[in-house]
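my_file29.cif follows; it contains mmCIF, C-alpha atoms.
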data_query
#
loop_
_atom_site.group_PDB
_atom_site.id
_atom_site.type_symbol
_atom_site.label_atom_id
_atom_site.label_comp_id
_atom_site.auth_asym_id
_atom_site.auth_seq_id
_atom_site.Cartn_x
_atom_site.Cartn_y
_atom_site.Cartn_z
ATOM 1 C CA MET A 1 4.401 27.211 -20.592
ATOM 2 C CA LYS A 2 4.462 23.781 -22.201
ATOM 3 C CA ILE A 3 3.849 20.602 -20.189
ATOM 4 C CA ASN A 4 7.381 19.341 -20.823
ATOM 5 C CA SER A 5 8.802 22.596 -19.468
ATOM 6 C CA LEU A 6 6.655 22.263 -16.344
ATOM 7 C CA LYS A 7 7.885 18.708 -15.838
ATOM 8 C CA ARG A 8 11.508 19.868 -16.079
ATOM 9 C CA ILE A 9 10.826 22.400 -13.322
ATOM 10 C CA ILE A 10 8.352 20.624 -11.031
ATOM 11 C CA LEU A 11 9.844 17.124 -10.909
ATOM 12 C CA PRO A 12 13.373 18.239 -9.875
ATOM 13 C CA LEU A 13 11.768 20.611 -7.334
ATOM 14 C CA ILE A 14 9.736 17.805 -5.784
ATOM 15 C CA PHE A 15 12.808 15.570 -5.683
ATOM 16 C CA THR A 16 14.890 18.316 -4.029
ATOM 17 C CA LEU A 17 12.222 19.026 -1.421
ATOM 18 C CA PHE A 18 11.820 15.329 -0.693
ATOM 19 C CA MET A 19 15.544 14.770 -0.233
ATOM 20 C CA ALA A 20 15.887 17.897 1.904
ATOM 21 C CA SER A 21 12.995 16.804 4.069
ATOM 22 C CA CYS A 22 14.760 13.552 4.907
ATOM 23 C CA GLY A 23 17.206 15.485 7.081
ATOM 24 C CA ARG A 24 14.335 16.591 9.293
ATOM 25 C CA LEU A 25 13.522 12.989 10.104
ATOM 26 C CA ASP A 26 16.610 12.893 12.351
ATOM 27 C CA THR A 27 14.794 15.178 14.797
ATOM 28 C CA ILE A 28 11.890 12.748 15.333
ATOM 29 C CA LEU A 29 12.907 10.265 18.015
ATOM 30 C CA TYR A 30 11.222 7.018 18.979
ATOM 31 C CA ASP A 31 8.640 7.410 21.741
ATOM 32 C CA PRO A 32 9.326 6.272 24.412
ATOM 33 C CA PRO A 33 13.043 6.961 23.828
ATOM 34 C CA GLN A 34 15.112 3.916 22.939
ATOM 35 C CA THR A 35 18.887 3.584 22.841
ATOM 36 C CA PRO A 36 20.504 1.151 20.377
ATOM 37 C CA GLN A 37 20.898 -1.276 23.288
ATOM 38 C CA THR A 38 17.284 -1.108 24.457
ATOM 39 C CA TRP A 39 16.093 -1.323 20.827
ATOM 40 C CA LEU A 40 17.479 -4.847 20.689
ATOM 41 C CA GLN A 41 16.039 -5.707 24.096
ATOM 42 C CA ILE A 42 12.424 -5.016 23.131
ATOM 43 C CA GLN A 43 12.274 -7.266 20.049
ATOM 44 C CA PRO A 44 13.775 -10.461 18.615
ATOM 45 C CA TYR A 45 16.829 -10.231 16.367
ATOM 46 C CA ALA A 46 19.562 -12.368 14.872
ATOM 47 C CA GLU A 47 23.212 -11.576 14.225
ATOM 48 C CA ILE A 48 24.598 -12.537 10.838
ATOM 49 C CA TYR A 49 28.369 -12.613 10.402
ATOM 50 C CA PHE A 50 30.209 -11.844 7.166
ATOM 51 C CA GLY A 51 33.905 -12.019 8.000
ATOM 52 C CA ASN A 52 34.543 -9.152 10.406
ATOM 53 C CA GLN A 53 31.163 -7.585 9.679
ATOM 54 C CA THR A 54 28.103 -8.209 11.823
ATOM 55 C CA ILE A 55 24.623 -7.534 10.447
ATOM 56 C CA ILE A 56 21.817 -7.251 12.958
ATOM 57 C CA PHE A 57 18.631 -8.665 11.410
ATOM 58 C CA VAL A 58 15.624 -7.554 13.453
ATOM 59 C CA GLN A 59 12.423 -9.645 13.709
ATOM 60 C CA PRO A 60 13.681 -12.341 11.298
ATOM 61 C CA SER A 61 10.420 -14.254 10.832
ATOM 62 C CA THR A 62 8.337 -11.097 10.446
ATOM 63 C CA SER A 63 10.851 -9.721 7.942
ATOM 64 C CA ALA A 64 10.698 -12.930 5.914
ATOM 65 C CA ILE A 65 6.895 -12.773 5.769
ATOM 66 C CA VAL A 66 6.744 -9.124 4.685
ATOM 67 C CA TYR A 67 9.443 -9.687 2.050
ATOM 68 C CA LEU A 68 7.424 -12.635 0.753
ATOM 69 C CA LEU A 69 4.386 -10.347 0.574
ATOM 70 C CA GLY A 70 6.356 -7.718 -1.354
ATOM 71 C CA ILE A 71 7.820 -10.175 -3.872
ATOM 72 C CA LEU A 72 4.464 -11.913 -4.359
ATOM 73 C CA THR A 73 2.659 -8.598 -4.891
ATOM 74 C CA VAL A 74 5.199 -7.400 -7.449
ATOM 75 C CA GLY A 75 4.817 -10.744 -9.236
ATOM 76 C CA ILE A 76 1.016 -10.457 -9.355
ATOM 77 C CA GLY A 77 1.343 -6.867 -10.564
ATOM 78 C CA ILE A 78 3.522 -8.091 -13.432
ATOM 79 C CA TYR A 79 0.923 -10.795 -14.123
ATOM 80 C CA PHE A 80 -1.816 -8.135 -14.455
ATOM 81 C CA LEU A 81 0.388 -6.264 -16.933
ATOM 82 C CA ARG A 82 1.158 -9.399 -18.963
ATOM 83 C CA ILE A 83 -2.529 -10.278 -19.413
ATOM 84 C CA ARG A 84 -3.755 -6.720 -19.890
ATOM 85 C CA GLN A 85 -4.643 -7.254 -23.600
ATOM 86 C CA GLY A 86 -5.299 -3.566 -24.087
ATOM 87 C CA GLN A 87 -7.421 -3.282 -20.929
ATOM 88 C CA ARG A 88 -6.697 -0.016 -19.099
ATOM 89 C CA SER A 89 -8.177 -1.456 -15.900
ATOM 90 C CA ARG A 90 -5.635 -4.292 -15.855
ATOM 91 C CA LEU A 91 -2.855 -1.837 -16.685
ATOM 92 C CA TRP A 92 -3.685 0.308 -13.668
ATOM 93 C CA TRP A 93 -4.149 -2.733 -11.445
ATOM 94 C CA GLY A 94 -0.685 -3.853 -12.500
ATOM 95 C CA ILE A 95 0.771 -0.447 -11.644
ATOM 96 C CA ALA A 96 -1.080 -0.418 -8.318
ATOM 97 C CA LEU A 97 0.255 -3.811 -7.258
ATOM 98 C CA LEU A 98 3.802 -2.995 -8.364
ATOM 99 C CA LEU A 99 3.689 0.095 -6.138
ATOM 100 C CA TRP A 100 2.124 -1.878 -3.264
ATOM 101 C CA GLY A 101 4.783 -4.577 -3.536
ATOM 102 C CA ILE A 102 7.637 -2.063 -3.604
ATOM 103 C CA GLY A 103 6.093 -0.370 -0.577
ATOM 104 C CA ALA A 104 5.972 -3.670 1.312
ATOM 105 C CA LEU A 105 9.669 -4.278 0.607
ATOM 106 C CA LEU A 106 10.517 -0.765 1.811
ATOM 107 C CA ALA A 107 8.418 -1.221 4.955
ATOM 108 C CA GLY A 108 9.975 -4.573 5.799
ATOM 109 C CA THR A 109 13.446 -3.081 5.433
ATOM 110 C CA SER A 110 12.930 -0.138 7.805
ATOM 111 C CA TYR A 111 10.220 -1.263 10.227
ATOM 112 C CA GLU A 112 11.713 -4.699 10.765
ATOM 113 C CA ALA A 113 14.726 -6.278 9.041
ATOM 114 C CA PHE A 114 17.306 -3.472 9.085
ATOM 115 C CA SER A 115 15.619 -1.103 11.532
ATOM 116 C CA TYR A 116 18.629 -1.185 13.851
ATOM 117 C CA ALA A 117 21.073 -0.150 11.118
ATOM 118 C CA ILE A 118 18.725 2.506 9.727
ATOM 119 C CA LYS A 119 17.356 4.032 12.933
ATOM 120 C CA CYS A 120 19.765 3.217 15.738
ATOM 121 C CA ALA A 121 23.334 2.375 14.755
ATOM 122 C CA GLY A 122 25.762 5.141 15.728
ATOM 123 C CA ARG A 123 23.064 7.213 17.460
ATOM 124 C CA GLU A 124 22.448 8.034 21.091
ATOM 125 C CA PHE A 125 18.699 7.496 20.654
ATOM 126 C CA CYS A 126 16.834 5.634 17.922
ATOM 127 C CA LEU A 127 14.765 7.456 15.318
ATOM 128 C CA TRP A 128 10.998 7.043 15.057
ATOM 129 C CA THR A 129 10.951 6.830 11.252
ATOM 130 C CA SER A 130 13.182 6.997 8.178
ATOM 131 C CA TRP A 131 13.063 7.938 4.515
ATOM 132 C CA TRP A 132 12.509 4.246 3.747
ATOM 133 C CA GLU A 133 9.204 4.494 5.614
ATOM 134 C CA ILE A 134 8.287 7.804 3.973
ATOM 135 C CA ALA A 135 8.821 6.131 0.585
ATOM 136 C CA TYR A 136 6.669 3.203 1.774
ATOM 137 C CA LEU A 137 3.827 5.525 2.756
ATOM 138 C CA LEU A 138 3.945 7.346 -0.586
ATOM 139 C CA THR A 139 4.075 4.220 -2.741
ATOM 140 C CA THR A 140 1.228 2.619 -0.780
ATOM 141 C CA VAL A 141 -1.096 5.627 -1.072
ATOM 142 C CA TRP A 142 -0.192 6.028 -4.735
ATOM 143 C CA SER A 143 -0.981 2.330 -5.137
ATOM 144 C CA ILE A 144 -4.479 2.954 -3.776
ATOM 145 C CA ASP A 145 -4.831 5.935 -6.118
ATOM 146 C CA ALA A 146 -3.842 3.704 -9.054
ATOM 147 C CA MET A 147 -6.507 1.212 -7.902
ATOM 148 C CA THR A 148 -8.978 4.097 -7.973
ATOM 149 C CA VAL A 149 -8.176 4.751 -11.628
ATOM 150 C CA ALA A 150 -8.398 1.002 -12.334
ATOM 151 C CA MET A 151 -11.831 0.848 -10.714
ATOM 152 C CA ALA A 152 -12.910 3.898 -12.694
ATOM 153 C CA CYS A 153 -12.049 2.000 -15.892
ATOM 154 C CA SER A 154 -13.752 -1.263 -14.914
ATOM 155 C CA SER A 155 -16.715 -0.242 -12.769
ATOM 156 C CA ALA A 156 -17.770 3.274 -13.754
ATOM 157 C CA TYR A 157 -18.489 5.432 -16.770
ATOM 158 C CA GLY A 158 -19.430 9.028 -17.505
ATOM 159 C CA LYS A 159 -19.213 11.553 -14.676
ATOM 160 C CA LEU A 160 -18.491 8.906 -12.045
ATOM 161 C CA ARG A 161 -15.500 7.620 -14.015
ATOM 162 C CA ASN A 162 -14.164 11.145 -14.432
ATOM 163 C CA ALA A 163 -14.684 11.893 -10.739
ATOM 164 C CA LEU A 164 -12.852 8.744 -9.618
ATOM 165 C CA THR A 165 -9.954 9.381 -11.989
ATOM 166 C CA LEU A 166 -9.654 13.001 -10.887
ATOM 167 C CA TYR A 167 -9.835 11.972 -7.226
ATOM 168 C CA GLY A 168 -7.003 9.479 -7.711
ATOM 169 C CA LEU A 169 -4.794 12.184 -9.216
ATOM 170 C CA ILE A 170 -5.639 14.884 -6.662
ATOM 171 C CA ASN A 171 -5.298 12.505 -3.719
ATOM 172 C CA GLY A 172 -1.823 11.427 -4.839
ATOM 173 C CA VAL A 173 -0.569 15.005 -5.129
ATOM 174 C CA ALA A 174 -2.274 16.104 -1.908
ATOM 175 C CA TYR A 175 -0.751 13.231 0.042
ATOM 176 C CA LEU A 176 2.733 14.103 -1.213
ATOM 177 C CA ILE A 177 2.233 17.668 0.044
ATOM 178 C CA LEU A 178 0.915 16.465 3.419
ATOM 179 C CA VAL A 179 3.855 14.083 3.825
ATOM 180 C CA LEU A 180 6.322 16.890 3.129
ATOM 181 C CA ILE A 181 4.523 19.052 5.703
ATOM 182 C CA GLY A 182 4.642 16.154 8.146
ATOM 183 C CA VAL A 183 8.401 15.864 7.699
ATOM 184 C CA PHE A 184 9.324 19.555 7.574
ATOM 185 C CA VAL A 185 7.243 20.781 10.541
ATOM 186 C CA PRO A 186 7.287 17.898 11.715
ATOM 187 C CA VAL A 187 3.820 16.411 12.313
ATOM 188 C CA LYS A 188 4.070 12.717 13.229
ATOM 189 C CA PHE A 189 0.453 11.893 12.428
ATOM 190 C CA LEU A 190 0.854 12.993 8.788
ATOM 191 C CA ILE A 191 3.677 10.472 8.309
ATOM 192 C CA SER A 192 2.097 7.646 10.286
ATOM 193 C CA PHE A 193 0.577 4.320 9.294
ATOM 194 C CA GLU A 194 -2.657 5.399 10.994
ATOM 195 C CA PHE A 195 -2.998 8.410 8.680
ATOM 196 C CA LEU A 196 -2.406 6.124 5.703
ATOM 197 C CA LEU A 197 -5.357 3.999 6.837
ATOM 198 C CA VAL A 198 -7.542 7.090 7.322
ATOM 199 C CA LEU A 199 -6.696 8.282 3.823
ATOM 200 C CA GLY A 200 -7.179 4.890 2.166
ATOM 201 C CA PHE A 201 -10.456 3.930 3.845
ATOM 202 C CA PRO A 202 -12.786 6.211 1.776
ATOM 203 C CA SER A 203 -11.462 4.794 -1.504
ATOM 204 C CA PHE A 204 -12.078 1.162 -0.536
ATOM 205 C CA LEU A 205 -15.493 2.054 0.894
ATOM 206 C CA VAL A 206 -16.476 3.688 -2.419
ATOM 207 C CA PHE A 207 -15.168 0.642 -4.327
ATOM 208 C CA PHE A 208 -17.312 -1.635 -2.155
ATOM 209 C CA ILE A 209 -20.445 0.485 -2.591
ATOM 210 C CA ILE A 210 -20.024 0.669 -6.376
ATOM 211 C CA ASN A 211 -19.510 -3.076 -6.755
ATOM 212 C CA VAL A 212 -22.405 -3.975 -4.441
ATOM 213 C CA TRP A 213 -24.730 -1.635 -6.361
ATOM 214 C CA ARG A 214 -23.577 -3.004 -9.714
ATOM 215 C CA TYR A 215 -23.898 -6.632 -8.624
ATOM 216 C CA ARG A 216 -27.430 -6.114 -7.283
ATOM 217 C CA LYS A 217 -28.400 -4.487 -10.564
ATOM 218 C CA TYR A 218 -26.460 -6.477 -13.183
ATOM 219 C CA LYS A 219 -25.330 -9.713 -11.438
ATOM 220 C CA LEU A 220 -21.863 -9.670 -13.042
ATOM 221 C CA SER A 221 -19.176 -12.039 -11.773
ATOM 222 C CA THR A 222 -16.588 -9.237 -11.901
ATOM 223 C CA ASP A 223 -18.457 -7.242 -9.277
ATOM 224 C CA LEU A 224 -18.948 -10.330 -7.109
ATOM 225 C CA ALA A 225 -15.200 -10.993 -7.260
ATOM 226 C CA PHE A 226 -14.463 -7.422 -6.233
ATOM 227 C CA ILE A 227 -16.954 -7.597 -3.359
ATOM 228 C CA GLY A 228 -15.067 -10.612 -2.046
ATOM 229 C CA ALA A 229 -11.799 -8.695 -2.335
ATOM 230 C CA TRP A 230 -13.042 -5.670 -0.375
ATOM 231 C CA LEU A 231 -14.643 -7.830 2.323
ATOM 232 C CA TRP A 232 -11.418 -9.798 2.783
ATOM 233 C CA LEU A 233 -9.443 -6.554 3.031
ATOM 234 C CA ALA A 234 -11.836 -5.352 5.749
ATOM 235 C CA VAL A 235 -11.339 -8.648 7.615
ATOM 236 C CA THR A 236 -7.570 -8.175 7.251
ATOM 237 C CA VAL A 237 -7.576 -4.728 8.851
ATOM 238 C CA ALA A 238 -9.956 -5.897 11.585
ATOM 239 C CA ALA A 239 -7.731 -8.895 12.377
ATOM 240 C CA TYR A 240 -4.705 -6.602 12.659
ATOM 241 C CA PHE A 241 -6.381 -4.222 15.104
ATOM 242 C CA ILE A 242 -7.854 -7.069 17.158
ATOM 243 C CA ALA A 243 -4.374 -8.577 17.526
ATOM 244 C CA TYR A 244 -2.904 -5.153 18.295
ATOM 245 C CA SER A 245 -5.548 -4.289 20.897
ATOM 246 C CA ALA A 246 -5.140 -7.692 22.582
ATOM 247 C CA GLY A 247 -1.397 -7.127 23.055
ATOM 248 C CA MET A 248 -0.718 -10.335 21.174
ATOM 249 C CA THR A 249 2.849 -9.417 20.178
ATOM 250 C CA GLN A 250 4.125 -8.771 23.688
ATOM 251 C CA ALA A 251 2.406 -11.882 25.051
ATOM 252 C CA LEU A 252 3.913 -14.160 22.395
ATOM 253 C CA TRP A 253 7.370 -12.579 22.472
ATOM 254 C CA ALA A 254 7.450 -13.069 26.241
ATOM 255 C CA LYS A 255 7.051 -16.796 25.559
ATOM 256 C CA GLY A 256 9.785 -16.801 22.928
ATOM 257 C CA ILE A 257 7.311 -17.024 20.033
ATOM 258 C CA TRP A 258 8.344 -14.602 17.286
ATOM 259 C CA PHE A 259 4.914 -13.704 15.950
ATOM 260 C CA SER A 260 3.269 -10.275 15.943
ATOM 261 C CA GLU A 261 0.202 -8.354 14.820
ATOM 262 C CA ASN A 262 2.225 -7.334 11.763
ATOM 263 C CA ASP A 263 2.510 -11.010 10.864
ATOM 264 C CA VAL A 264 -1.277 -11.270 11.075
ATOM 265 C CA LEU A 265 -1.598 -8.280 8.728
ATOM 266 C CA HIS A 266 0.946 -9.583 6.239
ATOM 267 C CA ILE A 267 -0.366 -13.158 6.138
ATOM 268 C CA PHE A 268 -3.905 -11.913 5.503
ATOM 269 C CA LEU A 269 -2.550 -9.585 2.793
ATOM 270 C CA ILE A 270 -0.714 -12.494 1.162
ATOM 271 C CA ALA A 271 -4.053 -14.308 0.935
ATOM 272 C CA TRP A 272 -5.620 -11.106 -0.484
ATOM 273 C CA MET A 273 -2.953 -10.820 -3.169
ATOM 274 C CA LEU A 274 -3.401 -14.460 -4.157
ATOM 275 C CA TYR A 275 -7.149 -13.829 -4.421
ATOM 276 C CA LEU A 276 -6.533 -10.830 -6.688
ATOM 277 C CA GLY A 277 -4.240 -12.859 -8.914
ATOM 278 C CA ILE A 278 -6.354 -16.018 -9.080
ATOM 279 C CA VAL A 279 -9.934 -14.725 -8.916
ATOM 280 C CA VAL A 280 -9.953 -11.043 -9.890
ATOM 281 C CA ALA A 281 -7.286 -10.677 -12.589
ATOM 282 C CA SER A 282 -8.997 -12.717 -15.316
ATOM 283 C CA ARG A 283 -12.377 -11.083 -14.627
ATOM 284 C CA VAL A 284 -11.261 -7.439 -14.773
ATOM 285 C CA THR A 285 -12.313 -5.783 -18.034
ATOM 286 C CA ASP A 286 -12.910 -2.217 -19.134
ATOM 287 C CA LEU A 287 -16.400 -0.768 -19.097
ATOM 288 C CA VAL A 288 -16.723 0.953 -22.464
ATOM 289 C CA VAL A 289 -19.317 3.006 -24.306
ATOM 290 C CA SER A 290 -20.709 1.081 -27.239
ATOM 291 C CA GLY A 291 -23.205 1.766 -29.966
ATOM 292 C CA PRO A 292 -26.856 0.743 -29.667
ATOM 293 C CA PRO A 293 -28.119 -1.196 -26.618
ATOM 294 C CA ARG A 294 -27.406 -4.925 -26.697
ATOM 295 C CA PRO A 295 -30.235 -7.306 -25.741
ATOM 296 C CA ASP A 296 -27.772 -9.958 -24.496
ATOM 297 C CA THR A 297 -26.260 -7.831 -21.727
ATOM 298 C CA HIS A 298 -27.459 -6.739 -18.301
ATOM 299 C CA LEU A 299 -25.536 -3.475 -18.524
ATOM 300 C CA PRO A 300 -27.233 -0.105 -19.016
ATOM 301 C CA PRO A 301 -27.953 1.114 -22.578
ATOM 302 C CA ALA A 302 -24.900 2.016 -24.683
ATOM 303 C CA VAL A 303 -22.483 0.566 -22.101
ATOM 304 C CA ILE A 304 -20.949 -2.902 -22.243
ATOM 305 C CA GLN A 305 -18.163 -4.731 -20.450
ATOM 306 C CA LYS A 306 -15.328 -5.007 -22.980
#

Target format structure tokens, applied to this file:
Amino acid sequence: MKINSLKRIILPLIFTLFMASCGRLDTILYDPPQTPQTWLQIQPYAEIYFGNQTIIFVQPSTSAIVYLLGILTVGIGIYFLRIRQGQRSRLWWGIALLLWGIGALLAGTSYEAFSYAIKCAGREFCLWTSWWEIAYLLTTVWSIDAMTVAMACSSAYGKLRNALTLYGLINGVAYLILVLIGVFVPVKFLISFEFLLVLGFPSFLVFFIINVWRYRKYKLSTDLAFIGAWLWLAVTVAAYFIAYSAGMTQALWAKGIWFSENDVLHIFLIAWMLYLGIVVASRVTDLVVSGPPRPDTHLPPAVIQK
């Protein structure tokens, strides 16, 4: 069977399964149970009036920050694409950041801004998740997989490049299957933010190891820039969990200060995205096989940074 024929069969099947699975999300309730009334009692919100219509905007400041993150990330992704100049690494970085930015916008919509309308309005008890969040999880993991392909192009060659590229593809498909299982069964952990972190951690750890090894051996500024990026991302995740473990959100909300551990995460990620756009983007180039060894490069024989 030809590839085009497979696409005509598989893609509609995946779409049908995904849409059908969304109905199962209605069976997963928030824990502990929350009614629409108590949902608004446990977090800040604002009411926006349009004529006779009232829109409940949950966690306004947090929503604004995550939307800023999403728009900024999409913009930096477009910047990577505009300066790609034939570089496959920049192409895949652009795709990765577009997916990450879209995911942030989806997350902000369902976790914060319009969570009441999506999860609670017209229901006896509020839902734990929604298809907006499932889409966020998928786009974020696929973003990391696109970064894996980008890193394969810029920081690896030979068998390692092939392995990273294959891993990115397999991981993306496997995660889609696990998410569908998580929705159909359902299994909350498979469609949780925590599982996303578990799945993404090995990729970033491998990126860090590759760039540290390359910088120690070749002293290239590209690898040093990437090392800074992975270290800042580790600090970002650590800051989020420190704030979460300290109960910072509840303590500040009790004082009328609308700031949460999610704000910590998003502000640190905004700084990370700016770093990628300002420091990393111009330094990312493809690692390509060349002819004879070049005496003016620190790279291994027959391989140069394009």

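Compared by their closest atoms to Gly172 of chain A, and using all atoms listed in the file, the residues A:Ala156, A:Met147, A:Ile71, A:Leu25 rank with A:Met147 nearest.
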
Checklist entry - Could you write out as a PyMOL selection string the residues that the PyMOL selection byres ((chain A and resi 55-67) around 10) matches in the shown file? => result chain A and resi 39-40+43-50+53-54+68-73+101-102+104-117+121+258-267+269-270

Next on the checklist: Here is a test: counting all atoms listed in the file, which residue of A:Trp93, A:Tyr30, A:Tyr215, A:Phe204 is nearest to Ser130 of chain A?
Outcome noted: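 Under the stated criterion, the closest residue is A:Tyr30.
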
Item to check | the PyMOL selection byres ((chain A and resi 193) around 12) applied to the shown file, residues as a ChimeraX atom specification | outcome: /A:107,111,129,133-134,136-138,140-141,179,188-192,194-200

Next on the checklist: Using Å and a single decimal, report how far atom CA of Val280 of chain A sits from atom CA of Val149 of chain A.
Outcome noted: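 According to the coordinates, atom CA of Val149 of chain A and atom CA of Val280 of chain A are separated by 16.0 Å.
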
Item to check | Within-6 Å shell of (-9.7, -10.7, 0.1) in input frame, all atoms listed in the file, as a list in words | outcome: Gly228, Ala229, Trp232, Leu233 and Trp272 of chain A

Export, as a short mmCIF file (atom, residue, chain, number, x, y, z; two decimals), in the coordinates of the input, the selected residues with C-alpha atoms.
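File produced: part09.cif:
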data_model
loop_
_atom_site.label_atom_id
_atom_site.label_comp_id
_atom_site.auth_asym_id
_atom_site.auth_seq_id
_atom_site.Cartn_x
_atom_site.Cartn_y
_atom_site.Cartn_z
CA GLY A 228 -15.07 -10.61 -2.05
CA ALA A 229 -11.80 -8.70 -2.34
CA TRP A 232 -11.42 -9.80 2.78
CA LEU A 233 -9.44 -6.55 3.03
CA TRP A 272 -5.62 -11.11 -0.48
#

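As for atom CA of Met273 of chain A and atom CA of Thr236 of chain A, they are spaced 11.7 Å apart.
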
Selection near Ala152 of chain A, 7 Å with all atoms listed in the file, sequence-local residues under 4 positions removed, as a PDB file with C-alpha atoms, in the coordinates of the input:
ATOM      1  CA  THR A 148      -8.978   4.097  -7.973  1.00  0.00           C
ATOM      2  CA  ALA A 156     -17.770   3.274 -13.754  1.00  0.00           C
ATOM      3  CA  ARG A 161     -15.500   7.620 -14.015  1.00  0.00           C
ATOM      4  CA  LEU A 164     -12.852   8.744  -9.618  1.00  0.00           C
ATOM      5  CA  THR A 165      -9.954   9.381 -11.989  1.00  0.00           C
TER       6      THR A 165
END

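Taking atom CA of Ile257 of chain A and atom CA of Phe125 of chain A as the two end points, the separation is 27.0 Å.
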
Checklist entry - Out of A:Ala150, A:Leu276, A:Phe201, A:Asp145, which residue has the shortest atom-to-atom distance to Val173 of chain A when counting only C-alpha atoms? => result A:Asp145

Checklist entry - Pick from A:Gly94, A:Ala163, A:Trp132, A:Ser155: nearest to Tyr218 of chain A, with all atoms listed in the file counted? => result A:Ser155

Checklist entry - Which residue out of A:Ile210, A:Leu97, A:Arg88, A:Tyr175 has the minimum interatomic distance to Ile76 of chain A when all atoms listed in the file are used? => result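 Using all atoms listed in the file, the shortest distance to Ile76 of chain A belongs to A:Leu97.
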
Next on the checklist: Need the shell around Cys126 of chain A: protein/DNA/RNA residues with any atom at most 10 Å away, counting all atoms listed in the file. Skip same-chain ones fewer than 6 positions apart. Format as a PyMOL selection string?
Outcome noted: chain A and resi 26+28-39+115-120

Write a file of the selected residues as a PDB file, in the coordinates of the input, keeping C-alpha atoms.
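Written output follows (again.pdb):
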ATOM      1  CA  ASP A  26      16.610  12.893  12.351  1.00  0.00           C
ATOM      2  CA  ILE A  28      11.890  12.748  15.333  1.00  0.00           C
ATOM      3  CA  LEU A  29      12.907  10.265  18.015  1.00  0.00           C
ATOM      4  CA  TYR A  30      11.222   7.018  18.979  1.00  0.00           C
ATOM      5  CA  ASP A  31       8.640   7.410  21.741  1.00  0.00           C
ATOM      6  CA  PRO A  32       9.326   6.272  24.412  1.00  0.00           C
ATOM      7  CA  PRO A  33      13.043   6.961  23.828  1.00  0.00           C
ATOM      8  CA  GLN A  34      15.112   3.916  22.939  1.00  0.00           C
ATOM      9  CA  THR A  35      18.887   3.584  22.841  1.00  0.00           C
ATOM     10  CA  PRO A  36      20.504   1.151  20.377  1.00  0.00           C
ATOM     11  CA  GLN A  37      20.898  -1.276  23.288  1.00  0.00           C
ATOM     12  CA  THR A  38      17.284  -1.108  24.457  1.00  0.00           C
ATOM     13  CA  TRP A  39      16.093  -1.323  20.827  1.00  0.00           C
ATOM     14  CA  SER A 115      15.619  -1.103  11.532  1.00  0.00           C
ATOM     15  CA  TYR A 116      18.629  -1.185  13.851  1.00  0.00           C
ATOM     16  CA  ALA A 117      21.073  -0.150  11.118  1.00  0.00           C
ATOM     17  CA  ILE A 118      18.725   2.506   9.727  1.00  0.00           C
ATOM     18  CA  LYS A 119      17.356   4.032  12.933  1.00  0.00           C
ATOM     19  CA  CYS A 120      19.765   3.217  15.738  1.00  0.00           C
TER      20      CYS A 120
END

Next on the checklist: Excluding Val279 of chain A and its own-chain neighbours fewer than 3 positions away, which residues fall within 12 Å of it when counting all atoms listed in the file? Please give them as a PyMOL selection string.
Outcome noted: chain A and resi 76+80+221-229+271-276+282-284

Grab the residues selected above and save them as a PDB file, in the frame of the given file with C-alpha atoms.
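After the write, result18.pdb holds the following:
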ATOM      1  CA  ILE A  76       1.016 -10.457  -9.355  1.00  0.00           C
ATOM      2  CA  PHE A  80      -1.816  -8.135 -14.455  1.00  0.00           C
ATOM      3  CA  SER A 221     -19.176 -12.039 -11.773  1.00  0.00           C
ATOM      4  CA  THR A 222     -16.588  -9.237 -11.901  1.00  0.00           C
ATOM      5  CA  ASP A 223     -18.457  -7.242  -9.277  1.00  0.00           C
ATOM      6  CA  LEU A 224     -18.948 -10.330  -7.109  1.00  0.00           C
ATOM      7  CA  ALA A 225     -15.200 -10.993  -7.260  1.00  0.00           C
ATOM      8  CA  PHE A 226     -14.463  -7.422  -6.233  1.00  0.00           C
ATOM      9  CA  ILE A 227     -16.954  -7.597  -3.359  1.00  0.00           C
ATOM     10  CA  GLY A 228     -15.067 -10.612  -2.046  1.00  0.00           C
ATOM     11  CA  ALA A 229     -11.799  -8.695  -2.335  1.00  0.00           C
ATOM     12  CA  ALA A 271      -4.053 -14.308   0.935  1.00  0.00           C
ATOM     13  CA  TRP A 272      -5.620 -11.106  -0.484  1.00  0.00           C
ATOM     14  CA  MET A 273      -2.953 -10.820  -3.169  1.00  0.00           C
ATOM     15  CA  LEU A 274      -3.401 -14.460  -4.157  1.00  0.00           C
ATOM     16  CA  TYR A 275      -7.149 -13.829  -4.421  1.00  0.00           C
ATOM     17  CA  LEU A 276      -6.533 -10.830  -6.688  1.00  0.00           C
ATOM     18  CA  SER A 282      -8.997 -12.717 -15.316  1.00  0.00           C
ATOM     19  CA  ARG A 283     -12.377 -11.083 -14.627  1.00  0.00           C
ATOM     20  CA  VAL A 284     -11.261  -7.439 -14.773  1.00  0.00           C
TER      21      VAL A 284
END

Next on the checklist: Let me make sure I understand: among A:Leu81, A:Thr27, A:Tyr240, A:Gln41, which one has the smallest atom-to-atom distance to Gly277 of chain A if we use all atoms listed in the file?
Outcome noted: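 Ranked by minimum distance to Gly277 of chain A, first place goes to A:Leu81.
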
Next on the checklist: Set the distance at 8 Å and use only C-alpha atoms: which residues neighbour Pro186 of chain A once local chain neighbours fewer than 3 positions away are removed? I'd like the list as a PyMOL selection string.
Outcome noted: chain A and resi 24+28+181-183
